[in-house]
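Participant: Structure file upload_2.cif (mmCIF, C-alpha atoms) is given on the next line.
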```
data_data
#
loop_
_atom_site.label_atom_id
_atom_site.label_comp_id
_atom_site.auth_asym_id
_atom_site.auth_seq_id
_atom_site.Cartn_x
_atom_site.Cartn_y
_atom_site.Cartn_z
CA ASN A 1 -7.09 -96.87 51.25
CA ASP A 2 -6.59 -98.36 54.71
CA THR A 3 -8.45 -101.48 55.83
CA TYR A 4 -9.97 -101.36 59.32
CA LEU A 5 -11.20 -104.29 61.37
CA ILE A 6 -13.99 -103.63 63.87
CA ASN A 7 -11.58 -104.48 66.69
CA ASP A 8 -9.26 -101.69 65.50
CA PHE A 9 -11.73 -98.99 66.48
CA ASN A 10 -11.04 -97.00 69.63
CA GLN A 11 -11.61 -93.43 70.79
CA ASN A 12 -8.41 -92.24 69.07
CA THR A 13 -9.68 -93.74 65.79
CA PHE A 14 -12.95 -91.82 66.07
CA ARG A 15 -11.23 -88.57 66.98
CA GLY A 16 -8.79 -89.07 64.11
CA PHE A 17 -11.71 -89.53 61.70
CA ILE A 18 -13.33 -86.33 63.02
CA ASP A 19 -10.05 -84.46 62.47
CA TYR A 20 -9.91 -85.86 58.95
CA LEU A 21 -13.48 -84.75 58.15
CA ASN A 22 -12.75 -81.31 59.60
CA THR A 23 -9.65 -80.78 57.44
CA PRO A 24 -10.80 -79.51 54.02
CA GLY A 25 -7.42 -80.20 52.42
CA LYS A 26 -7.83 -83.92 53.19
CA SER A 27 -11.56 -84.69 53.14
CA GLN A 28 -12.52 -82.07 50.51
CA LEU A 29 -15.58 -81.32 52.66
CA SER A 30 -16.87 -77.98 53.92
CA GLY A 31 -19.86 -76.37 55.59
CA ASP A 32 -22.17 -78.89 57.28
CA SER A 33 -20.87 -81.83 55.21
CA PRO A 34 -18.31 -83.09 57.77
CA LYS A 35 -20.97 -83.27 60.50
CA SER A 36 -23.43 -84.92 58.12
CA TYR A 37 -20.89 -87.59 57.14
CA TYR A 38 -20.04 -88.27 60.77
CA ARG A 39 -23.71 -88.51 61.75
CA ARG A 40 -24.28 -91.23 59.17
CA PHE A 41 -21.07 -92.99 60.23
CA LYS A 42 -22.18 -92.85 63.88
CA LYS A 43 -25.52 -94.52 63.00
CA ILE A 44 -23.62 -97.46 61.56
CA ILE A 45 -21.43 -97.69 64.65
CA LEU A 46 -24.43 -97.55 67.00
CA GLN A 47 -26.07 -100.39 65.08
CA ALA A 48 -22.84 -102.39 65.28
CA HIS A 49 -22.89 -101.80 69.05
CA ARG A 50 -26.49 -103.00 69.32
CA ASP A 51 -25.55 -106.12 67.35
CA GLY A 52 -22.68 -106.79 69.76
CA TYR A 53 -19.81 -106.15 67.34
CA ILE A 54 -18.27 -103.15 69.05
CA ASN A 55 -17.84 -102.06 72.66
CA GLU A 56 -19.45 -98.80 73.77
CA THR A 57 -16.15 -97.63 75.30
CA SER A 58 -14.75 -97.34 71.76
CA PHE A 59 -16.93 -94.31 70.98
CA LYS A 60 -18.38 -93.18 74.30
CA ASN A 61 -17.69 -89.51 75.11
CA VAL A 62 -16.44 -88.82 71.57
CA ILE A 63 -18.36 -85.76 70.36
CA PHE A 64 -18.23 -84.23 66.91
CA LYS A 65 -17.23 -80.57 67.00
CA ALA A 66 -17.20 -78.52 63.84
CA ASN A 67 -13.88 -77.03 62.90
CA THR A 68 -14.18 -73.30 63.52
CA GLU A 69 -11.53 -70.61 63.46
CA SER A 70 -11.47 -70.54 67.27
CA SER A 71 -11.13 -74.32 67.66
CA GLU A 72 -8.43 -74.36 64.97
CA SER A 73 -6.61 -71.60 66.81
CA THR A 74 -6.88 -73.54 70.07
CA LEU A 75 -5.45 -76.67 68.45
CA THR A 76 -2.58 -74.68 66.97
CA LYS A 77 -1.84 -73.29 70.42
CA GLU A 78 -1.43 -76.85 71.71
CA ILE A 79 1.03 -78.09 69.08
CA LEU A 80 4.69 -77.26 68.67
CA THR A 81 6.04 -77.08 65.15
CA GLU A 82 9.29 -78.78 64.15
CA ASP A 83 11.08 -75.43 64.20
CA GLU A 84 9.73 -74.61 67.67
CA ILE A 85 10.86 -77.98 69.02
CA LYS A 86 14.34 -77.38 67.59
CA LEU A 87 14.36 -73.90 69.15
CA LEU A 88 13.61 -75.35 72.59
CA PHE A 89 16.80 -77.40 72.47
CA SER A 90 18.82 -74.18 72.64
CA VAL A 91 16.71 -72.38 75.25
CA PRO A 92 17.62 -72.87 78.95
CA CYS A 93 14.98 -74.46 81.16
CA GLY A 94 14.56 -74.15 84.90
CA ASN A 95 14.89 -77.93 85.18
CA GLU A 96 17.07 -79.70 82.62
CA GLU A 97 15.50 -83.09 83.40
CA VAL A 98 12.04 -81.70 82.60
CA LYS A 99 13.44 -80.23 79.39
CA ARG A 100 15.04 -83.52 78.33
CA ALA A 101 11.93 -85.54 79.22
CA PHE A 102 9.53 -83.19 77.42
CA LEU A 103 11.60 -83.16 74.24
CA PHE A 104 11.90 -86.96 74.36
CA SER A 105 8.10 -87.18 74.53
CA CYS A 106 7.85 -84.96 71.44
CA TYR A 107 9.74 -87.73 69.61
CA THR A 108 7.99 -90.73 71.19
CA GLY A 109 4.51 -89.66 72.35
CA LEU A 110 5.02 -90.88 75.92
CA GLY A 111 2.87 -89.33 78.64
CA LEU A 112 4.31 -87.81 81.80
CA ALA A 113 3.28 -90.77 83.98
CA GLU A 114 5.09 -93.12 81.59
CA ILE A 115 8.16 -90.90 81.47
CA LYS A 116 8.38 -90.90 85.27
CA GLN A 117 8.58 -94.70 85.27
CA LEU A 118 10.79 -95.16 82.20
CA THR A 119 13.83 -97.29 83.00
CA TRP A 120 16.78 -98.36 80.87
CA SER A 121 15.34 -101.86 80.64
CA LYS A 122 12.78 -100.45 78.16
CA ILE A 123 15.53 -99.43 75.71
CA LYS A 124 16.72 -102.36 73.62
CA ASN A 125 18.84 -102.13 70.46
CA ASP A 126 17.93 -98.45 69.99
CA ARG A 127 14.23 -99.26 70.30
CA LEU A 128 11.69 -98.21 72.91
CA ILE A 129 9.77 -101.31 73.99
CA MET A 130 7.17 -101.01 76.74
CA HIS A 131 3.43 -101.05 77.43
CA ARG A 132 1.09 -98.10 77.90
CA LEU A 133 0.16 -97.56 81.53
CA LYS A 134 -3.54 -96.97 80.84
CA THR A 135 -4.30 -99.35 77.98
CA GLY A 136 -1.54 -101.96 78.16
CA THR A 137 -0.90 -101.48 74.44
CA GLU A 138 2.64 -102.37 73.42
CA ILE A 139 4.94 -99.60 72.22
CA ASN A 140 7.75 -100.77 69.98
CA ILE A 141 9.36 -97.96 68.03
CA LYS A 142 12.77 -97.28 66.52
CA LEU A 143 14.27 -94.25 68.24
CA SER A 144 15.66 -91.47 66.09
CA ASN A 145 19.20 -90.22 66.64
CA THR A 146 17.78 -87.14 68.35
CA ALA A 147 15.71 -89.26 70.74
CA LEU A 148 18.73 -91.44 71.51
CA GLU A 149 20.82 -88.39 72.33
CA LEU A 150 18.12 -87.17 74.71
CA LEU A 151 18.42 -90.41 76.69
CA GLY A 152 21.87 -89.46 77.92
CA GLU A 153 24.47 -91.86 79.28
CA LYS A 154 23.24 -95.41 79.71
CA LYS A 155 22.95 -96.72 83.27
CA GLN A 156 21.72 -99.89 84.96
CA SER A 157 18.58 -101.49 83.54
CA LYS A 158 16.49 -100.70 86.65
CA ASP A 159 17.60 -97.05 86.80
CA LEU A 160 15.22 -94.27 85.79
CA ILE A 161 16.18 -92.47 82.59
CA PHE A 162 14.66 -89.15 83.64
CA MET A 163 15.15 -88.16 87.28
CA LEU A 164 12.02 -86.10 87.80
CA LYS A 165 12.38 -86.25 91.57
CA LEU A 166 12.96 -83.81 94.39
CA ASN A 167 13.83 -85.05 97.88
CA ASN A 168 13.27 -88.60 96.63
CA LYS A 169 9.67 -87.80 95.54
CA PHE A 170 8.38 -87.32 92.01
CA ILE A 171 7.84 -83.70 91.03
CA SER A 172 4.13 -82.98 90.76
CA ASP A 173 2.50 -82.59 87.35
CA THR A 174 1.63 -79.00 88.32
CA ALA A 175 5.28 -78.19 89.03
CA VAL A 176 6.38 -79.81 85.76
CA ASN A 177 3.84 -77.81 83.76
CA LYS A 178 4.85 -74.59 85.53
CA THR A 179 8.46 -75.23 84.52
CA ILE A 180 7.37 -75.86 80.93
CA LYS A 181 5.26 -72.69 80.91
CA ASN A 182 8.22 -70.56 81.95
CA TRP A 183 10.49 -72.34 79.46
CA ILE A 184 8.07 -71.74 76.58
CA LYS A 185 7.78 -68.08 77.58
CA ARG A 186 11.58 -67.78 77.68
CA ALA A 187 11.67 -69.13 74.12
CA ASP A 188 9.19 -66.41 73.01
CA ILE A 189 6.71 -69.04 71.83
CA ASP A 190 3.20 -67.62 72.17
CA LYS A 191 1.41 -70.89 72.89
CA LYS A 192 -0.26 -72.48 75.88
CA ILE A 193 1.87 -75.60 76.23
CA THR A 194 1.64 -78.30 78.90
CA TYR A 195 3.44 -81.64 79.07
CA TYR A 196 0.47 -83.35 77.40
CA CYS A 197 1.02 -81.18 74.32
CA SER A 198 4.14 -83.21 73.58
CA ARG A 199 1.80 -86.07 72.54
CA HIS A 200 -0.13 -83.74 70.21
CA SER A 201 3.14 -82.52 68.73
CA PHE A 202 4.35 -86.12 68.27
CA ALA A 203 1.13 -87.03 66.43
CA CYS A 204 1.44 -83.95 64.23
CA ARG A 205 5.04 -84.84 63.37
CA LEU A 206 3.95 -88.35 62.33
CA LEU A 207 1.21 -86.99 60.07
CA LEU A 208 3.55 -84.47 58.46
CA ASN A 209 6.00 -87.30 57.77
CA GLY A 210 3.40 -89.28 55.87
CA ALA A 211 1.88 -91.58 58.52
CA ASN A 212 -1.79 -92.45 58.07
CA LEU A 213 -4.44 -91.84 60.72
CA LYS A 214 -4.54 -95.47 61.86
CA SER A 215 -0.76 -95.52 62.42
CA VAL A 216 -0.98 -92.31 64.43
CA SER A 217 -3.94 -93.63 66.41
CA ASP A 218 -2.07 -96.86 67.19
CA ALA A 219 1.02 -94.90 68.25
CA LEU A 220 -1.02 -92.94 70.80
CA ALA A 221 -3.32 -95.75 71.99
#
```
Kindly return the structure encoded in the file as structure tokens.
Facilitator:
Amino acid sequence: NDTYLINDFNQNTFRGFIDYLNTPGKSQLSGDSPKSYYRRFKKIILQAHRDGYINETSFKNVIFKANTESSESTLTKEILTEDEIKLLFSVPCGNEEVKRAFLFSCYTGLGLAEIKQLTWSKIKNDRLIMHRLKTGTEINIKLSNTALELLGEKKQSKDLIFMLKLNNKFISDTAVNKTIKNWIKRADIDKKITYYCSRHSFACRLLLNGANLKSVSDALA
């Protein structure tokens, strides 16, 4: 029974609630019930917005989509299981820096833009301490032994941890995702995986390890 303040609500919170309603094993809802519950919830939120208690950006562009077999299949295709992540450690990748960075994101939820700018100054006493590029939200998490090993040998505080550069320029997102695509194929994993999927996989790992939706939402905000 989590307590939420109105200021805690953001788009990740809403999407997390939709995922909860759409998961029968958690919400105990089926058929049209999840959509009906969300519709009533949305009416309350809209009234709170009209009364000036909540900003429109918190729920704008969040659309309820019923959980169908096809959408569930699509979601599964975007998430790596724990066993698949472990498998990738042993499979060669066309770019070892991309491999190391992607796996690190599976354990921290960092986006590619944040990974490209991650310096050793952000690692303090085995913790990752930094701010999200888009939202400015502070990240302060204890790194697991696996995540620490992925960091490699410590260098100067201003040095980049992951050298995703070629000819002194950052590798494009397209090139990174192409490398990941080939790596996933080499591992015989039949999923459509991009770098962003590391965040989905991180969130899934948190949920499977007992984290509640608010904690997961805060970790990704």
Participant: Applying the PyMOL selection byres ((chain A and resi 137-152) around 7) to the file I just gave you, which residues come out? Please list them as a list of chain:residue names.
Facilitator: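 Output from the PyMOL selection byres ((chain A and resi 137-152) around 7), applied to this file: A:Arg100, A:Phe104, A:Tyr107, A:Asp126, A:Arg127, A:Leu128, A:Ile129, A:Met130, A:His131, A:Arg132, A:Thr135, A:Gly136, A:Glu153, A:Lys154, A:Ile161, A:Ala221.
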Participant: Output C-alpha atoms for every residue in the selection just made, as a PDB file, in the frame of the given file.
Facilitator:
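Listed below is the output, again.pdb:
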```
ATOM      1  CA  ARG A 100      15.040 -83.520  78.330  1.00  0.00           C
ATOM      2  CA  PHE A 104      11.900 -86.960  74.360  1.00  0.00           C
ATOM      3  CA  TYR A 107       9.740 -87.730  69.610  1.00  0.00           C
ATOM      4  CA  ASP A 126      17.930 -98.450  69.990  1.00  0.00           C
ATOM      5  CA  ARG A 127      14.230 -99.260  70.300  1.00  0.00           C
ATOM      6  CA  LEU A 128      11.690 -98.210  72.910  1.00  0.00           C
ATOM      7  CA  ILE A 129       9.770-101.310  73.990  1.00  0.00           C
ATOM      8  CA  MET A 130       7.170-101.010  76.740  1.00  0.00           C
ATOM      9  CA  HIS A 131       3.430-101.050  77.430  1.00  0.00           C
ATOM     10  CA  ARG A 132       1.090 -98.100  77.900  1.00  0.00           C
ATOM     11  CA  THR A 135      -4.300 -99.350  77.980  1.00  0.00           C
ATOM     12  CA  GLY A 136      -1.540-101.960  78.160  1.00  0.00           C
ATOM     13  CA  GLU A 153      24.470 -91.860  79.280  1.00  0.00           C
ATOM     14  CA  LYS A 154      23.240 -95.410  79.710  1.00  0.00           C
ATOM     15  CA  ILE A 161      16.180 -92.470  82.590  1.00  0.00           C
ATOM     16  CA  ALA A 221      -3.320 -95.750  71.990  1.00  0.00           C
TER      17      ALA A 221
END
```
Participant: Report the distance between atom CA of A:Leu110 and atom CA of A:His200 in Å, rounded to one decimal place.
Facilitator: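 That distance, rounded to one decimal, is 10.5 Å.
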Participant: Just so the selection is clear, what residues does the PyMOL selection byres ((chain A and resi 192) around 12) cover here, as a list in words?
Facilitator: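 In the shown coordinates, the PyMOL selection byres ((chain A and resi 192) around 12) covers Ser73, Thr74, Leu75, Thr76, Lys77, Glu78, Ile79, Leu80, Asn177, Lys178, Ile180, Lys181, Asn182, Trp183, Ile184, Lys185, Asp188, Ile189, Asp190, Lys191, Ile193, Thr194, Tyr195, Tyr196, Cys197 and Ser198 of chain A.
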Participant: Run the PyMOL selection byres ((chain A and resi 164) around 8) against the file shown and list the residues it catches, as a PyMOL selection string.
Facilitator: chain A and resi 97-98+116+162-163+165-166+170-171
Participant: From the list A:Lys155, A:Lys99, A:Lys35, A:Lys42, which residue is nearest A:Lys60 when using all atoms listed in the file?
Facilitator: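 Looking at the shortest contact to A:Lys60, the residue is A:Lys42.
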Participant: So how far away is atom CA of A:Ile115 from atom CA of A:Ala175, in Å?
Facilitator: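 One can read the atom CA of A:Ala175 to atom CA of A:Ile115 distance as 15.1 Å.
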Participant: Can you list, as a ChimeraX atom specification, every protein, DNA or RNA residue that comes within 8 Å of stretch 62-65 of chain A when you count only C-alpha atoms, leaving out same-chain residues fewer than 2 positions away?
Facilitator: /A:11,14-15,18,35,38,59-60,67
Participant: Just the selected residues (C-alpha atoms), exported as an mmCIF file, keeping the file's coordinate frame, please.
Facilitator:
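Output saved as part-v8.cif:
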```cif
data_model
loop_
_atom_site.group_PDB
_atom_site.id
_atom_site.type_symbol
_atom_site.label_atom_id
_atom_site.label_comp_id
_atom_site.auth_asym_id
_atom_site.auth_seq_id
_atom_site.Cartn_x
_atom_site.Cartn_y
_atom_site.Cartn_z
ATOM 1 C CA GLN A 11 -11.610 -93.430 70.790
ATOM 2 C CA PHE A 14 -12.950 -91.820 66.070
ATOM 3 C CA ARG A 15 -11.230 -88.570 66.980
ATOM 4 C CA ILE A 18 -13.330 -86.330 63.020
ATOM 5 C CA LYS A 35 -20.970 -83.270 60.500
ATOM 6 C CA TYR A 38 -20.040 -88.270 60.770
ATOM 7 C CA PHE A 59 -16.930 -94.310 70.980
ATOM 8 C CA LYS A 60 -18.380 -93.180 74.300
ATOM 9 C CA ASN A 67 -13.880 -77.030 62.900
#
```
Participant: For A:Asn61, which of A:Ala187, A:Asn10, A:Glu96, A:Asn212 is the closest residue, counting all atoms listed in the file?
Facilitator: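 Under the stated criterion, the closest residue is A:Asn10.
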Participant: Quick one: of A:Cys93, A:Leu160, A:Leu87, A:Ile6, who's nearest to A:Ser121, counting only C-alpha atoms?
Facilitator: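 That would be A:Leu160, the residue with the smallest distance to A:Ser121.
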Participant: Just to confirm, what's the straight-line distance from atom CA of A:Asn12 to atom CA of A:Ser58 in Å (one decimal)?
Facilitator: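 Atom CA of A:Ser58 lies 8.6 Å from atom CA of A:Asn12.
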Participant: Restricting the calculation to all atoms listed in the file: of A:Asp159, A:Asp51, A:Asp83, A:Asp19, which residue gets closest to A:Arg205?
Facilitator: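 Closest to A:Arg205 of all the choices is A:Asp83.
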Participant: For A:Tyr53, which of A:Thr174, A:Thr119, A:Asn7, A:Asn125 is the closest residue, counting only C-alpha atoms?
Facilitator: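 Closest residue, counting only C-alpha atoms: A:Asn7.
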